[in-house]
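What follows is one structure encoded as structure tokens, with my remarks underneath.
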Amino acid sequence: SSAADAAREAAALGTAAVCDVSNGGDMAPVWLNAGIGGLVQHEIFGLDLHAQAGLLRAAAAGARVVQGQGATIVVRPTAHSLYSTRADVVSCAVGPRGGAVASIHAAEDSDELMFLGHATGPLADLVADLGADLSGFHPPGSSPVQTLAELGLLGPELLLVHGVHLTREDMSMIALRGSALCLCPRSNVHIGGRLAAVPALLSAGIRLCLGTDSLASAPDMDLFAEAVVLAQAWPTVPDETWLHLLTAGGADALGLPRYGRLEVGCRP
């Protein structure tokens, strides 16, 4: 019922399409009932070696299409992040599904960089406390973006989420490979107290869009409120930029060309 309430709230705020990420991948009817299309992703995560076979089976699932209420949802697997999911599972989960975009958390928090660099820090302590069997897990020793590039996963069909802790080299690689980046400013302020470097991202030529990162770390589903945070932080960025992130930027990032534009043949 809470998911249905969130979908109705999103529709009332003017949302036409979403990328919904959930633990079961069973949210398509909720969004379709609200008249909203887009993507639903079954998020897979786990580092424990004993769970590897089951994770790989879930990650290998194909994409399927669900329709209703004049909208279409594509359901596919994805992976939470490189710090919470084994690399082979990530590669399988976010691999191509006929143009259906996958998403992955990347460079959200400094703890993530410590864990991927040296398997140290608070995330390493958390994994140890959970008793996960990390046999065969070796930290890549590089940034999330560099690791995704080495795995051959960066590209237009992979949507990166957050991008708060990116180097100049990371930004150049994202722009070169054509991945889009979803900014979740209110979530980032809530979790880490800082925002992604939007002017630098724009200068690098990275395709940007906006997200809420869900009610777990944002007070509501209002993308306009996300844009306000960024506009206040960078008042010299033209308002047209924020409008693009709210509309066509999001549609392009999700591979939904019929959304986000006032053009003949597009969905209002």
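Residue names in the structure tokens use chain letters A, B, ... in the order shown, residue numbers from 1 in each chain, and ligand numbers from 1 in the order shown.
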Who sits within 8 Å of Glu157 of chain A, only C-alpha atoms, same chain under 3 positions skipped, as a PyMOL selection string: chain A and resi 96+99-102+154+179+255
Can I get the selected residues back with C-alpha atoms, as a short mmCIF file (atom, residue, chain, number, x, y, z; two decimals), in the first residue's frame?
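Saved the output as again-v2.cif:
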data_model
loop_
_atom_site.label_atom_id
_atom_site.label_comp_id
_atom_site.auth_asym_id
_atom_site.auth_seq_id
_atom_site.Cartn_x
_atom_site.Cartn_y
_atom_site.Cartn_z
CA PRO A 96 22.39 -5.83 -22.35
CA GLY A 99 17.94 -1.65 -24.99
CA ALA A 100 16.35 -1.79 -21.53
CA VAL A 101 18.56 0.39 -19.35
CA ALA A 102 20.11 -0.95 -16.14
CA LEU A 154 29.91 1.50 -19.19
CA SER A 179 26.56 6.42 -19.70
CA GLY A 255 15.95 5.10 -23.21
#
Determine, counting only C-alpha atoms, which protein, DNA and RNA residues have an atom within 12 Å of an atom of Trp234 of chain A; residues of the same chain fewer than 2 positions away are not included. Present the result as a list of chain:residue names.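 In the requested format, the answer is A:Leu195, A:Ala196, A:Ala197, A:Val198, A:Pro199, A:Ala200, A:Leu202, A:Ala227, A:Val228, A:Val229, A:Leu230, A:Ala231, A:Gln232, A:Thr236, A:Val237, A:Pro238, A:Asp239, A:Thr241, A:Trp242.
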Please provide as a PyMOL selection string all residues within 7 Å of segment 50-60 of chain A, with the sequence filter that same-chain residues fewer than 5 positions apart are discarded (counting only C-alpha atoms). chain A and resi 44+77-78+89+92-93
List every residue of segment 31-264 of chain A that DSSP, applied to the backbone, labels as strand (DSSP E or B), and write the result as number ranges by chain. A: 37-44, 46, 64-68, 71-79, 81, 85, 102-106, 158-162, 180-183, 207-210
With N, CA and C atoms retained, write the just-selected residues as a tab-separated table (two decimals), in the first residue's frame.
chain	number	residue	atom	x	y	z
A	37	GLY	N	4.59	4.75	-16.94
A	37	GLY	CA	5.39	3.73	-17.61
A	37	GLY	C	6.85	3.82	-17.24
A	38	GLY	N	7.69	3.07	-17.98
A	38	GLY	CA	9.13	3.14	-17.76
A	38	GLY	C	9.77	1.80	-17.50
A	39	LEU	N	10.58	1.74	-16.45
A	39	LEU	CA	11.37	0.56	-16.13
A	39	LEU	C	11.15	0.14	-14.68
A	40	VAL	N	11.11	-1.16	-14.46
A	40	VAL	CA	11.15	-1.72	-13.11
A	40	VAL	C	12.34	-2.68	-13.06
A	41	GLN	N	13.22	-2.48	-12.10
A	41	GLN	CA	14.43	-3.28	-12.01
A	41	GLN	C	14.45	-4.09	-10.72
A	42	HIS	N	14.75	-5.37	-10.87
A	42	HIS	CA	14.95	-6.26	-9.72
A	42	HIS	C	16.39	-6.12	-9.29
A	43	GLU	N	16.61	-5.49	-8.15
A	43	GLU	CA	17.97	-5.19	-7.68
A	43	GLU	C	18.58	-6.39	-6.96
A	44	ILE	N	19.73	-6.83	-7.45
A	44	ILE	CA	20.41	-8.01	-6.91
A	44	ILE	C	21.66	-7.57	-6.18
A	46	GLY	N	24.76	-9.00	-3.07
A	46	GLY	CA	25.29	-10.04	-2.20
A	46	GLY	C	26.73	-10.34	-2.53
A	64	ARG	N	11.26	-8.48	-19.63
A	64	ARG	CA	9.88	-8.76	-20.03
A	64	ARG	C	9.08	-7.47	-20.02
A	65	VAL	N	8.04	-7.45	-20.83
A	65	VAL	CA	7.23	-6.24	-21.00
A	65	VAL	C	5.86	-6.46	-20.36
A	66	VAL	N	5.41	-5.46	-19.59
A	66	VAL	CA	4.10	-5.49	-18.95
A	66	VAL	C	3.35	-4.22	-19.36
A	67	GLN	N	2.10	-4.36	-19.76
A	67	GLN	CA	1.34	-3.20	-20.24
A	67	GLN	C	0.03	-3.07	-19.48
A	68	GLY	N	-0.46	-1.83	-19.42
A	68	GLY	CA	-1.74	-1.57	-18.77
A	68	GLY	C	-1.96	-0.08	-18.60
A	71	ALA	N	0.03	2.52	-20.56
A	71	ALA	CA	1.47	2.68	-20.34
A	71	ALA	C	2.16	1.33	-20.45
A	72	THR	N	3.49	1.36	-20.59
A	72	THR	CA	4.29	0.13	-20.73
A	72	THR	C	5.44	0.16	-19.73
A	73	ILE	N	5.66	-0.97	-19.09
A	73	ILE	CA	6.78	-1.15	-18.16
A	73	ILE	C	7.66	-2.29	-18.67
A	74	VAL	N	8.96	-2.07	-18.70
A	74	VAL	CA	9.92	-3.14	-18.97
A	74	VAL	C	10.55	-3.56	-17.65
A	75	VAL	N	10.52	-4.85	-17.36
A	75	VAL	CA	11.08	-5.40	-16.12
A	75	VAL	C	12.37	-6.13	-16.45
A	76	ARG	N	13.43	-5.84	-15.69
A	76	ARG	CA	14.72	-6.47	-15.92
A	76	ARG	C	15.53	-6.51	-14.62
A	77	PRO	N	16.56	-7.38	-14.54
A	77	PRO	CA	17.43	-7.36	-13.36
A	77	PRO	C	18.43	-6.22	-13.43
A	78	THR	N	18.99	-5.89	-12.29
A	78	THR	CA	20.11	-4.95	-12.21
A	78	THR	C	20.90	-5.32	-10.96
A	79	ALA	N	21.97	-4.58	-10.69
A	79	ALA	CA	22.80	-4.84	-9.51
A	79	ALA	C	22.86	-3.58	-8.67
A	81	SER	N	25.36	-2.40	-6.51
A	81	SER	CA	26.62	-1.66	-6.59
A	81	SER	C	27.78	-2.65	-6.63
A	85	THR	N	27.85	-6.27	-4.39
A	85	THR	CA	27.52	-7.35	-5.31
A	85	THR	C	28.78	-7.86	-5.97
A	102	ALA	N	19.87	-0.51	-17.50
A	102	ALA	CA	20.11	-0.95	-16.14
A	102	ALA	C	20.68	0.22	-15.35
A	103	SER	N	20.58	0.18	-14.03
A	103	SER	CA	21.15	1.23	-13.20
A	103	SER	C	22.03	0.60	-12.13
A	104	ILE	N	22.96	1.41	-11.60
A	104	ILE	CA	23.84	0.92	-10.54
A	104	ILE	C	24.33	2.10	-9.71
A	105	HIS	N	24.36	1.92	-8.40
A	105	HIS	CA	24.94	2.94	-7.52
A	105	HIS	C	26.43	3.05	-7.82
A	106	ALA	N	26.93	4.27	-7.92
A	106	ALA	CA	28.36	4.46	-8.20
A	106	ALA	C	28.85	5.76	-7.58
A	158	LEU	N	23.69	1.71	-19.42
A	158	LEU	CA	23.95	1.66	-17.99
A	158	LEU	C	23.81	3.06	-17.41
A	159	LEU	N	22.86	3.22	-16.50
A	159	LEU	CA	22.61	4.48	-15.82
A	159	LEU	C	23.33	4.46	-14.47
A	160	LEU	N	24.29	5.34	-14.30
A	160	LEU	CA	24.97	5.49	-13.02
A	160	LEU	C	24.14	6.37	-12.10
A	161	VAL	N	24.13	6.05	-10.81
A	161	VAL	CA	23.32	6.81	-9.86
A	161	VAL	C	24.21	7.39	-8.76
A	162	HIS	N	24.09	8.66	-8.53
A	162	HIS	CA	24.75	9.47	-7.49
A	162	HIS	C	25.96	10.23	-8.04
A	180	ALA	N	24.70	7.67	-18.78
A	180	ALA	CA	24.07	8.82	-18.13
A	180	ALA	C	24.28	8.72	-16.63
A	181	LEU	N	24.10	9.84	-15.94
A	181	LEU	CA	24.27	9.90	-14.49
A	181	LEU	C	23.03	10.51	-13.87
A	182	CYS	N	22.43	9.79	-12.92
A	182	CYS	CA	21.25	10.27	-12.21
A	182	CYS	C	21.69	10.91	-10.89
A	183	LEU	N	21.37	12.19	-10.72
A	183	LEU	CA	21.69	12.92	-9.50
A	183	LEU	C	20.52	12.79	-8.52
A	207	ARG	N	25.69	13.13	-19.71
A	207	ARG	CA	24.22	13.20	-19.75
A	207	ARG	C	23.68	13.06	-18.32
A	208	LEU	N	22.87	14.02	-17.89
A	208	LEU	CA	22.40	14.05	-16.51
A	208	LEU	C	20.88	13.96	-16.44
A	209	CYS	N	20.39	13.42	-15.32
A	209	CYS	CA	18.97	13.43	-15.01
A	209	CYS	C	18.83	13.49	-13.50
A	210	LEU	N	17.59	13.53	-13.03
A	210	LEU	CA	17.32	13.66	-11.59
A	210	LEU	C	16.53	12.48	-11.06
Ranking A:Ile174, A:Cys184, A:Cys19, A:Leu256 by minimum distance to Asp222 of chain A and counting only C-alpha atoms, which one comes first?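 Looking at the shortest contact to Asp222 of chain A, the residue is A:Cys184.
If you look at atom CA of Glu112 of chain A and atom CA of Leu49 of chain A, they are 19.9 Å away from each other.
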Identify, on the basis of only C-alpha atoms, every residue whose closest approach to Gly178 of chain A does not exceed 7 Å; exclude the query and any residue fewer than 3 positions from it along the same chain; express the result as a list of chain:residue names.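 The neighbour list is A:Gly155, A:Pro156, A:Ile174, A:Ala175.
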Dump as a short mmCIF file (atom, residue, chain, number, x, y, z; two decimals), in the first residue's frame, selection limited to C-alpha atoms:
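That gives us selection_22.cif:
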data_model
loop_
_atom_site.label_atom_id
_atom_site.label_comp_id
_atom_site.auth_asym_id
_atom_site.auth_seq_id
_atom_site.Cartn_x
_atom_site.Cartn_y
_atom_site.Cartn_z
CA GLY A 155 27.71 2.66 -22.05
CA PRO A 156 24.31 4.12 -22.98
CA ILE A 174 31.62 8.39 -18.32
CA ALA A 175 31.30 10.98 -21.07
#
Backbone DSSP call of helix (DSSP H, G or I) for segment 135-261 of chain A, listed as number ranges by chain: A: 144-150, 168-177, 185-192, 198-204, 223-233, 239-246, 248-253
